[in-house]
Structure formats: structure tokens, C-alpha cells
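Shown here: target_38.cif, mmCIF, C-alpha atoms.
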```
data_target
#
loop_
_atom_site.label_atom_id
_atom_site.label_comp_id
_atom_site.auth_asym_id
_atom_site.auth_seq_id
_atom_site.Cartn_x
_atom_site.Cartn_y
_atom_site.Cartn_z
CA MET C 1 1.38 -3.82 -16.45
CA GLY C 2 -1.21 -1.38 -15.13
CA ILE C 3 -4.48 -1.13 -13.26
CA ALA C 4 -7.68 0.09 -14.90
CA PRO C 5 -9.47 3.13 -13.43
CA LYS C 6 -12.56 2.82 -11.27
CA ALA C 7 -15.36 5.38 -11.18
CA THR C 8 -16.24 6.80 -7.78
CA GLU C 9 -19.39 5.31 -6.28
CA GLU C 10 -19.21 6.54 -2.70
CA ILE C 11 -17.80 9.57 -0.88
CA LYS C 12 -17.59 9.70 2.89
CA PHE C 13 -17.07 12.79 5.04
CA GLU C 14 -16.46 13.11 8.77
CA MET C 15 -16.36 16.72 9.92
CA ASN C 16 -17.51 19.23 12.51
CA LEU C 17 -19.55 22.35 11.76
CA ASP C 18 -18.94 25.24 14.16
CA SER C 19 -22.19 25.87 16.08
CA ARG C 20 -20.95 29.33 17.14
CA LYS C 21 -21.27 30.74 13.63
CA THR C 22 -23.94 33.37 12.99
CA ALA C 23 -26.73 32.37 10.62
CA VAL C 24 -26.64 33.82 7.10
CA ALA C 25 -29.82 34.82 5.30
CA GLY C 26 -30.27 34.78 1.56
CA ALA C 27 -28.83 32.81 -1.33
CA ILE C 28 -25.23 31.72 -1.52
CA ASP C 29 -22.71 33.49 -3.72
CA TYR C 30 -19.73 31.23 -4.35
CA ASP C 31 -17.54 34.26 -5.03
CA ASP C 32 -18.50 35.88 -1.73
CA PRO C 33 -17.25 34.01 1.39
CA ALA C 34 -19.57 36.18 3.50
CA THR C 35 -22.56 34.21 2.17
CA TYR C 36 -21.33 30.88 3.51
CA HIS C 37 -19.17 29.70 6.38
CA ASN C 38 -16.91 26.90 5.25
CA ALA C 39 -16.07 24.77 2.22
CA THR C 40 -14.17 21.57 1.57
CA SER C 41 -13.39 19.53 -1.53
CA VAL C 42 -12.75 15.94 -2.53
CA ARG C 43 -11.36 14.61 -5.80
CA ILE C 44 -13.39 11.85 -7.43
CA TYR C 45 -13.02 9.99 -10.74
CA ASP C 46 -15.21 9.14 -13.71
CA ALA C 47 -15.21 5.76 -15.48
CA LYS C 48 -12.12 6.74 -17.50
CA GLY C 49 -10.19 7.79 -14.41
CA GLN C 50 -10.48 11.51 -15.17
CA PRO C 51 -10.48 13.61 -11.98
CA VAL C 52 -13.40 15.77 -10.87
CA ASP C 53 -13.16 18.05 -7.83
CA VAL C 54 -16.44 18.13 -5.92
CA THR C 55 -16.79 20.97 -3.42
CA LEU C 56 -19.20 21.23 -0.49
CA TYR C 57 -20.19 24.67 0.84
CA PHE C 58 -21.74 24.95 4.31
CA GLN C 59 -24.10 27.80 5.12
CA LYS C 60 -25.64 28.13 8.58
CA THR C 61 -29.28 29.19 8.25
CA GLY C 62 -30.44 29.02 11.88
CA THR C 63 -29.95 27.31 15.21
CA ASP C 64 -28.81 23.74 14.53
CA SER C 65 -29.67 24.07 10.82
CA TRP C 66 -27.41 24.27 7.78
CA ASN C 67 -27.61 24.27 4.01
CA ILE C 68 -25.09 22.12 2.14
CA TYR C 69 -24.37 23.13 -1.44
CA THR C 70 -22.57 20.52 -3.53
CA THR C 71 -20.85 21.72 -6.70
CA ALA C 72 -18.75 20.38 -9.57
CA PRO C 73 -16.16 22.35 -11.56
CA ASP C 74 -17.26 25.08 -13.94
CA VAL C 75 -18.59 23.48 -17.13
CA ASN C 76 -20.37 26.51 -18.62
CA GLY C 77 -17.27 28.65 -18.94
CA ASP C 78 -18.73 31.45 -16.82
CA GLY C 79 -16.42 30.85 -13.85
CA THR C 80 -19.26 29.65 -11.62
CA PRO C 81 -19.21 26.18 -10.02
CA GLU C 82 -21.89 23.80 -11.32
CA GLN C 83 -24.40 23.35 -8.50
CA ILE C 84 -25.51 19.71 -8.39
CA ASP C 85 -27.30 19.50 -5.03
CA VAL C 86 -28.66 21.63 -2.20
CA SER C 87 -29.74 19.95 1.04
CA ALA C 88 -30.91 21.27 4.39
CA VAL C 89 -29.46 19.50 7.43
CA THR C 90 -30.49 19.89 11.06
CA PHE C 91 -28.90 18.56 14.24
CA ASP C 92 -30.33 17.72 17.65
CA SER C 93 -29.61 19.89 20.68
CA ASN C 94 -26.38 18.00 21.31
CA GLY C 95 -25.03 18.69 17.82
CA LEU C 96 -25.48 15.07 16.75
CA ASN C 97 -27.78 12.97 14.58
CA PRO C 98 -27.85 14.98 11.33
CA SER C 99 -31.23 14.81 9.63
CA VAL C 100 -29.57 13.89 6.33
CA THR C 101 -26.99 11.11 6.39
CA GLU C 102 -26.75 10.29 2.69
CA LEU C 103 -27.11 12.19 -0.57
CA THR C 104 -27.22 10.83 -4.12
CA LEU C 105 -25.25 12.97 -6.54
CA ASN C 106 -25.38 13.07 -10.33
CA ILE C 107 -22.57 15.04 -11.91
CA PRO C 108 -23.05 16.26 -15.50
CA GLY C 109 -20.20 15.80 -17.93
CA GLY C 110 -17.54 18.43 -18.24
CA GLY C 111 -16.93 18.12 -21.94
CA ALA C 112 -13.52 16.61 -22.64
CA ALA C 113 -12.50 17.15 -19.02
CA TYR C 114 -14.64 14.37 -17.56
CA ASP C 115 -17.68 12.19 -18.29
CA PRO C 116 -21.01 12.24 -16.40
CA ILE C 117 -21.00 10.34 -13.12
CA SER C 118 -24.30 9.07 -11.75
CA ASN C 119 -25.63 7.78 -8.44
CA ILE C 120 -22.70 8.74 -6.23
CA LYS C 121 -23.53 8.10 -2.58
CA LEU C 122 -22.38 10.95 -0.36
CA ASP C 123 -22.18 9.66 3.23
CA LEU C 124 -22.72 12.48 5.74
CA SER C 125 -23.40 10.32 8.79
CA GLY C 126 -20.16 11.57 10.34
CA LEU C 127 -21.33 15.20 10.50
CA THR C 128 -21.37 16.91 13.91
CA GLN C 129 -22.09 20.43 15.13
CA PHE C 130 -20.07 21.30 18.22
CA GLY C 131 -18.74 24.54 19.62
CA GLY C 132 -15.34 24.05 18.01
CA ASN C 133 -13.67 25.13 14.81
CA PHE C 134 -14.72 23.69 11.50
CA GLY C 135 -12.60 20.67 10.66
CA VAL C 136 -12.56 17.65 8.39
CA THR C 137 -11.40 14.60 10.33
CA ASP C 138 -11.74 12.11 7.51
CA VAL C 139 -12.67 12.09 3.83
CA SER C 140 -12.53 9.16 1.46
CA GLN C 141 -13.84 7.99 -1.90
CA ASP C 142 -13.61 4.61 -3.58
CA GLY C 143 -12.63 5.60 -7.14
CA TYR C 144 -9.15 5.91 -8.59
CA ALA C 145 -7.30 6.94 -11.72
CA PRO C 146 -5.44 4.46 -13.95
CA GLY C 147 -2.03 3.49 -12.65
CA GLN C 148 1.19 1.80 -13.70
CA LEU C 149 2.97 -0.90 -11.75
CA THR C 150 5.73 0.58 -9.60
CA GLN C 151 6.63 -2.15 -7.12
CA LEU C 152 6.10 -5.79 -6.21
CA THR C 153 6.49 -7.03 -2.65
CA ILE C 154 6.43 -10.61 -1.42
CA GLU C 155 5.21 -11.40 2.09
CA GLU C 156 6.38 -14.27 4.31
CA ASP C 157 3.34 -16.33 3.30
CA GLY C 158 4.17 -15.88 -0.39
CA VAL C 159 1.46 -13.34 -1.20
CA ILE C 160 2.62 -11.02 -3.99
CA THR C 161 1.31 -7.46 -3.64
CA ALA C 162 1.42 -5.09 -6.61
CA ARG C 163 1.70 -1.35 -5.93
CA TYR C 164 0.69 1.19 -8.56
CA SER C 165 1.46 4.83 -9.31
CA ASN C 166 -2.07 5.85 -8.24
CA SER C 167 -1.36 4.61 -4.67
CA MET C 168 -3.53 1.52 -5.10
CA THR C 169 -2.44 -1.98 -4.15
CA GLN C 170 -3.70 -5.33 -5.37
CA THR C 171 -2.86 -8.94 -4.63
CA ALA C 172 -1.19 -10.31 -7.76
CA GLY C 173 -0.83 -13.92 -6.67
CA GLN C 174 0.85 -16.24 -4.19
CA ILE C 175 4.03 -18.27 -4.44
CA GLU C 176 3.62 -22.02 -4.03
CA LEU C 177 6.25 -24.25 -2.44
CA ALA C 178 6.69 -28.01 -2.76
CA ASN C 179 8.34 -30.63 -0.59
CA PHE C 180 9.21 -34.28 -1.23
CA ARG C 181 9.10 -37.35 0.96
CA ASN C 182 12.73 -38.08 0.03
CA PRO C 183 14.52 -34.98 -1.34
CA GLN C 184 17.70 -37.04 -1.76
CA GLY C 185 15.87 -39.08 -4.39
CA LEU C 186 15.36 -36.15 -6.75
CA LYS C 187 16.72 -36.64 -10.23
CA SER C 188 19.33 -34.13 -11.43
CA MET C 189 18.50 -32.58 -14.80
CA GLY C 190 21.59 -30.35 -14.94
CA GLY C 191 21.87 -26.61 -14.53
CA ASN C 192 20.69 -26.82 -10.89
CA VAL C 193 17.38 -28.26 -12.10
CA TRP C 194 15.89 -31.27 -10.36
CA ALA C 195 12.91 -33.46 -11.18
CA SER C 196 10.79 -35.81 -9.12
CA SER C 197 11.43 -39.50 -9.40
CA PHE C 198 10.04 -42.72 -8.02
CA ALA C 199 12.57 -42.51 -5.19
CA SER C 200 11.66 -38.91 -4.24
CA GLY C 201 7.91 -39.42 -4.46
CA ASP C 202 5.36 -36.95 -5.76
CA PRO C 203 5.62 -33.26 -4.75
CA ILE C 204 3.61 -32.11 -1.75
CA ALA C 205 2.54 -28.56 -2.63
CA GLY C 206 1.36 -25.81 -0.30
CA VAL C 207 1.75 -22.16 0.58
CA PRO C 208 4.69 -20.88 2.63
CA GLY C 209 4.20 -21.39 6.36
CA SER C 210 1.74 -24.26 6.01
CA ALA C 211 2.45 -27.80 7.24
CA THR C 212 6.22 -28.39 7.13
CA LEU C 213 6.92 -25.67 4.56
CA GLY C 214 9.03 -22.72 5.61
CA LEU C 215 8.43 -18.99 5.27
CA LEU C 216 9.83 -16.67 2.61
CA LYS C 217 12.19 -13.77 3.17
CA SER C 218 11.68 -11.11 0.51
CA GLY C 219 14.53 -8.92 -0.73
CA ALA C 220 17.25 -10.75 1.20
CA LEU C 221 20.26 -12.82 0.25
CA GLU C 222 21.19 -15.90 2.22
CA GLU C 223 24.28 -15.18 4.29
CA SER C 224 27.03 -17.70 5.04
CA ASN C 225 27.13 -19.08 8.57
CA VAL C 226 30.92 -19.35 8.41
CA ASP C 227 33.08 -17.04 10.54
CA MET C 228 35.62 -15.90 7.95
CA THR C 229 38.03 -14.49 10.54
CA ALA C 230 38.12 -17.73 12.52
CA GLU C 231 38.54 -19.77 9.33
CA LEU C 232 41.45 -17.57 8.21
CA VAL C 233 43.18 -18.01 11.58
CA ASN C 234 42.66 -21.78 11.33
CA MET C 235 44.10 -21.81 7.82
CA ILE C 236 47.21 -19.92 8.95
CA THR C 237 47.62 -22.31 11.89
CA VAL C 238 47.38 -25.36 9.63
CA GLN C 239 49.83 -23.78 7.22
CA ARG C 240 52.35 -23.21 10.04
CA LEU C 241 51.92 -26.79 11.22
CA TYR C 242 52.47 -28.04 7.69
CA GLN C 243 55.60 -25.96 7.33
CA ALA C 244 56.91 -27.27 10.70
CA ASN C 245 56.22 -30.87 9.69
CA ALA C 246 57.85 -30.33 6.32
CA GLN C 247 60.94 -28.94 8.08
CA THR C 248 61.06 -32.03 10.34
CA ILE C 249 60.97 -34.34 7.32
CA LYS C 250 63.73 -32.29 5.69
CA THR C 251 65.89 -32.64 8.82
CA GLN C 252 65.28 -36.39 8.97
CA ASP C 253 66.23 -36.69 5.32
CA SER C 254 69.45 -34.75 5.94
CA VAL C 255 70.38 -37.02 8.86
CA LEU C 256 69.67 -40.11 6.77
CA GLN C 257 71.89 -38.84 3.95
CA THR C 258 74.70 -38.23 6.46
CA LEU C 259 74.40 -41.79 7.81
CA LEU C 260 74.52 -43.22 4.33
CA SER C 261 77.66 -41.19 3.53
CA LEU C 262 79.44 -42.57 6.63
CA ARG C 263 78.92 -46.11 5.35
#
```
When written as C-alpha cells, how does the structure in this file appear?
Amino acid sequence: MGIAPKATEEIKFEMNLDSRKTAVAGAIDYDDPATYHNATSVRIYDAKGQPVDVTLYFQKTGTDSWNIYTTAPDVNGDGTPEQIDVSAVTFDSNGLNPSVTELTLNIPGGGAAYDPISNIKLDLSGLTQFGGNFGVTDVSQDGYAPGQLTQLTIEEDGVITARYSNSMTQTAGQIELANFRNPQGLKSMGGNVWASSFASGDPIAGVPGSATLGLLKSGALEESNVDMTAELVNMITVQRLYQANAQTIKTQDSVLQTLLSLR
């Protein structure tokens, strides 16, 4: 049992660009870190679940202004990232309100490595430009690779959650419970199987925790409410009493035999 892949449709970044950096003039050279200031990547997925690493390069071009270069992996075989977008972003004097809050990306196919991915929304509304170090505080994307079932968990309310090898979770169903107006009227079918009868009435179904139905306890065995130590002591006490009573009867029998012999 597995889960099908889902192509990435949206990427979201929250990060800070260091306003103290000195502006760089000229075109970017991805092999020369001196031509840009910072870079960060996120892994996305095509419709088949094949991974694609998208990288964003940030180049300060002036006061409160930056160029953002978005690239995909090398598909031409020349060792150069495939540039898929270049956007200029400016901030207000407080380092907030970026002029560009969303980009639409179209990634060409990478041969057998991955298929083309179109109309990916890149959310940049969380960009800031403060006098602190560059840092990514949050990055997310909504695609995922195919996965195999690794675990099932059951909650108290009966909801069954499936967990997969690609870190995704999905609700697989919910356990239903049933009660009867007169449980003592259930009809035994053998093998610990019971069926409703006229005496028991029709089943009253519902989810765990609703109405008079109880909750479930996943991964637990019902424990006995008997104190084994106390029961063992009681058994020994009863055994001693039995032995004492048996000895009394034996003595009475011996006395009776003596009386009969005297006659």
C-alpha cells in the first residue's frame, strides 16, 4: 500500500536579507560567490515524484534593492545552473514590504532526471531586509515523492492515520463501534462471535467517544485488575484452613473408631 506522488504547486520562503551587504554591479556568475551574496535551495517534485533542486541566488544591487535569480539543476551538461527567472525586489526604508511577493516559475524538463513543471507559485511575502545575518526561517513546498506505508496509528476517536516513507500522513479511515439496548440478549454464534437478536435489539452504531460509546486505546493490552500477590496469600490461607479442618475430621474419626472398639 503506497501513496502516489504529487507535483509541487507552491513554494514558500521566509528569510532575511542582510541590509549591510555592499551592492554588487554587473551580471551574476554562479561559479563566483563574489558576484552574489547568498543562496538557498529547496527540493521540489514533478508529477512523477522525481526531485528537482531549485536554488535562489540573492544579489544586492543598491540600497534596499536586490536581484533574485532562480535556477534549476544543470540540464545542458555544461555545469551551469539553468536560469529560470530573474526578478528585482525592493524594500521600504524599514526593510519590509517587498515589491515582489509572488513569482510564477516554469521549470524545463531535465531529460530522464525530471519532467517539466509549470506554474509553480513562489511565495516571497515573508522576505525582510534587516541589519542582521542572512537566514532562512522557514521554507516549505506542497509536493512529495511516492511513498510506501510504514505505520498505522489509531487515535482515541478511532481515526486511523497512515504514515508513509516520504514523511506524509493521510487519514485512512475511522473505526466504528456498536452498542445494543440489551447486550445480554446477543446470540452466540461460537468462536467468540455474537449476533444481534430480537432480544438484543438492533445495533446502535457510532464513532468512539460519541454518545455512550467508549474511547479506544491503541497499542495496549487490557491488564487484569486482580492483585496476584493478594490472591496467592488468600489461596495459601484457604489451603491452611482446609488442612486444619481435614486434620480435625481425621481426629474425630479416630476418636469414633476408639469408641466403637470399646463396645
Separation of atom CA of C:Asp32 from atom CA of C:Val89 in Å
21.7 Å
Residue members of the PyMOL selection byres ((chain C and resi 177) around 6) in the file shown, as a PyMOL selection string:
chain C and resi 176+178+205-207
As a PyMOL selection string, please: the residues near C:Asp74 (cut-off 12 Å, all atoms listed in the file, same-chain neighbours under 6 positions excluded).
chain C and resi 30+52-55+80-84+107-111+113-114
Residues of stretch 47-111 of chain C that approach stretch 144-154 of chain C to 12 Å or less, counting only C-alpha atoms: could you list each one with the shortest pair of atoms and its distance in Å to one decimal, rows by chain and increasing residue number, as CSV?
```
residue,atom,partner,partner_atom,distance
C:Ala47,CA,C:Ala145,CA,8.8
C:Lys48,CA,C:Ala145,CA,7.5
C:Gly49,CA,C:Ala145,CA,4.0
C:Gln50,CA,C:Ala145,CA,6.5
C:Pro51,CA,C:Ala145,CA,7.4
C:Val52,CA,C:Ala145,CA,10.8
```
Any chance you could export the current selection's C-alpha atoms as a PDB file, in the coordinates of the input?
```pdb
ATOM      1  CA  ALA C  47     -15.210   5.760 -15.480  1.00  0.00           C
ATOM      2  CA  LYS C  48     -12.120   6.740 -17.500  1.00  0.00           C
ATOM      3  CA  GLY C  49     -10.190   7.790 -14.410  1.00  0.00           C
ATOM      4  CA  GLN C  50     -10.480  11.510 -15.170  1.00  0.00           C
ATOM      5  CA  PRO C  51     -10.480  13.610 -11.980  1.00  0.00           C
ATOM      6  CA  VAL C  52     -13.400  15.770 -10.870  1.00  0.00           C
TER       7      VAL C  52
END
```
Counting all atoms listed in the file, the option among C:Glu231, C:Glu10, C:Glu155, C:Asp142 closest to C:Leu124
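With all atoms listed in the file as the atom set, the closest residue is C:Glu10.
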May I have the residues within 7 Å of stretch 24-29 of chain C as JSON, numbers by chain, using all atoms listed in the file and disregarding those fewer than 3 positions away in the same chain?
{"C": [32, 35, 36, 59, 60, 61]}
Residues picked by the PyMOL selection byres ((chain C and resi 18) around 7) here, as a ChimeraX atom specification?
/C:16-17,19-21,129-134
Residues matched by the PyMOL selection byres ((chain C and resi 91) around 10), written as number ranges by chain
C: 63-66, 89-90, 92-100, 127-129
Please report the interatomic distance between atom CA of C:Tyr57 and atom CA of C:Thr22 in Å with one decimal.
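These two atoms are separated by 15.4 Å.
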Within 8 Å of stretch 169-171 of chain C, counting only C-alpha atoms, which residues show up once you throw out same-chain ones fewer than 4 positions away? Write them as a ChimeraX atom specification, please.
/C:159-164
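Reported to one decimal place, the separation of atom CA of C:Thr40 from atom CA of C:Thr137 is 11.5 Å.
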Within 10 Å of C:Lys121, counting only C-alpha atoms, which residues show up once you throw out same-chain ones fewer than 4 positions away? Write them as a ChimeraX atom specification, please.
/C:8-12,102-106,141
Residue with the minimum atom-to-atom distance to C:Gly2, picked from C:Asn166, C:Met15, C:Ser41, C:Asp46 with all atoms listed in the file counted, is C:Asn166
Pick the closest to C:Leu213 from C:Gly135, C:Pro33, C:Gly158, C:Gly191: which is it, counting all atoms listed in the file?
C:Gly158
Quick one: of C:Ala4, C:Ala211, C:Leu232, C:Leu216, who's nearest to C:Gly143, counting only C-alpha atoms?
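The closest residue to C:Gly143 is C:Ala4.
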N, CA, C and O atoms modelled onto stretch 19-45 of chain C, as a tab-separated table (two decimals), keeping the file's coordinate frame:
```tsv
chain	number	residue	atom	x	y	z
C	19	SER	N	-20.86	25.41	15.66
C	19	SER	CA	-22.19	25.87	16.08
C	19	SER	C	-22.20	27.34	16.48
C	19	SER	O	-23.26	27.95	16.60
C	20	ARG	N	-21.02	27.94	16.68
C	20	ARG	CA	-20.95	29.33	17.14
C	20	ARG	C	-21.11	30.33	15.99
C	20	ARG	O	-21.19	31.54	16.23
C	21	LYS	N	-21.15	29.85	14.77
C	21	LYS	CA	-21.27	30.74	13.63
C	21	LYS	C	-22.65	31.42	13.61
C	21	LYS	O	-23.65	30.84	14.04
C	22	THR	N	-22.69	32.62	13.11
C	22	THR	CA	-23.94	33.37	12.99
C	22	THR	C	-24.65	32.98	11.70
C	22	THR	O	-24.02	32.85	10.64
C	23	ALA	N	-25.95	32.78	11.79
C	23	ALA	CA	-26.73	32.37	10.62
C	23	ALA	C	-26.67	33.43	9.52
C	23	ALA	O	-26.58	34.63	9.79
C	24	VAL	N	-26.67	32.94	8.27
C	24	VAL	CA	-26.64	33.82	7.10
C	24	VAL	C	-27.97	33.70	6.38
C	24	VAL	O	-28.46	32.60	6.13
C	25	ALA	N	-28.55	34.82	6.04
C	25	ALA	CA	-29.82	34.82	5.30
C	25	ALA	C	-29.55	35.08	3.82
C	25	ALA	O	-28.61	35.77	3.46
C	26	GLY	N	-30.39	34.53	2.99
C	26	GLY	CA	-30.27	34.78	1.56
C	26	GLY	C	-29.52	33.67	0.84
C	26	GLY	O	-29.01	32.72	1.43
C	27	ALA	N	-29.45	33.82	-0.49
C	27	ALA	CA	-28.83	32.81	-1.33
C	27	ALA	C	-27.31	32.87	-1.22
C	27	ALA	O	-26.73	33.88	-0.82
C	28	ILE	N	-26.69	31.79	-1.58
C	28	ILE	CA	-25.23	31.72	-1.52
C	28	ILE	C	-24.63	32.33	-2.78
C	28	ILE	O	-25.21	32.26	-3.87
C	29	ASP	N	-23.50	32.97	-2.61
C	29	ASP	CA	-22.71	33.49	-3.72
C	29	ASP	C	-21.32	32.86	-3.57
C	29	ASP	O	-20.59	33.19	-2.64
C	30	TYR	N	-20.98	31.97	-4.49
C	30	TYR	CA	-19.73	31.23	-4.35
C	30	TYR	C	-18.50	32.12	-4.41
C	30	TYR	O	-17.43	31.74	-3.94
C	31	ASP	N	-18.66	33.31	-4.96
C	31	ASP	CA	-17.54	34.26	-5.03
C	31	ASP	C	-17.46	35.14	-3.80
C	31	ASP	O	-16.52	35.93	-3.67
C	32	ASP	N	-18.46	35.02	-2.92
C	32	ASP	CA	-18.50	35.88	-1.73
C	32	ASP	C	-18.49	35.01	-0.47
C	32	ASP	O	-19.53	34.46	-0.09
C	33	PRO	N	-17.35	34.85	0.19
C	33	PRO	CA	-17.25	34.01	1.39
C	33	PRO	C	-18.16	34.46	2.53
C	33	PRO	O	-18.41	33.68	3.46
C	34	ALA	N	-18.67	35.69	2.45
C	34	ALA	CA	-19.57	36.18	3.50
C	34	ALA	C	-20.94	35.51	3.43
C	34	ALA	O	-21.71	35.58	4.39
C	35	THR	N	-21.26	34.85	2.32
C	35	THR	CA	-22.56	34.21	2.17
C	35	THR	C	-22.56	32.74	2.59
C	35	THR	O	-23.58	32.08	2.51
C	36	TYR	N	-21.42	32.25	2.98
C	36	TYR	CA	-21.33	30.88	3.51
C	36	TYR	C	-20.21	30.84	4.56
C	36	TYR	O	-19.49	31.83	4.74
C	37	HIS	N	-20.10	29.75	5.26
C	37	HIS	CA	-19.17	29.70	6.38
C	37	HIS	C	-17.90	28.88	6.12
C	37	HIS	O	-16.81	29.30	6.49
C	38	ASN	N	-18.07	27.76	5.49
C	38	ASN	CA	-16.91	26.90	5.25
C	38	ASN	C	-17.11	26.13	3.95
C	38	ASN	O	-18.24	26.01	3.45
C	39	ALA	N	-16.01	25.59	3.43
C	39	ALA	CA	-16.07	24.77	2.22
C	39	ALA	C	-14.95	23.74	2.28
C	39	ALA	O	-13.90	23.97	2.89
C	40	THR	N	-15.19	22.61	1.66
C	40	THR	CA	-14.17	21.57	1.57
C	40	THR	C	-14.38	20.80	0.29
C	40	THR	O	-15.50	20.75	-0.25
C	41	SER	N	-13.32	20.21	-0.24
C	41	SER	CA	-13.39	19.53	-1.53
C	41	SER	C	-12.87	18.11	-1.42
C	41	SER	O	-12.12	17.76	-0.51
C	42	VAL	N	-13.27	17.29	-2.40
C	42	VAL	CA	-12.75	15.94	-2.53
C	42	VAL	C	-12.64	15.63	-4.02
C	42	VAL	O	-13.50	16.02	-4.81
C	43	ARG	N	-11.56	14.97	-4.39
C	43	ARG	CA	-11.36	14.61	-5.80
C	43	ARG	C	-11.93	13.23	-6.05
C	43	ARG	O	-11.58	12.26	-5.37
C	44	ILE	N	-12.81	13.13	-7.04
C	44	ILE	CA	-13.39	11.85	-7.43
C	44	ILE	C	-13.01	11.57	-8.88
C	44	ILE	O	-12.37	12.40	-9.54
C	45	TYR	N	-13.44	10.40	-9.40
C	45	TYR	CA	-13.02	9.99	-10.74
C	45	TYR	C	-14.19	9.43	-11.52
C	45	TYR	O	-15.06	8.76	-10.97
```
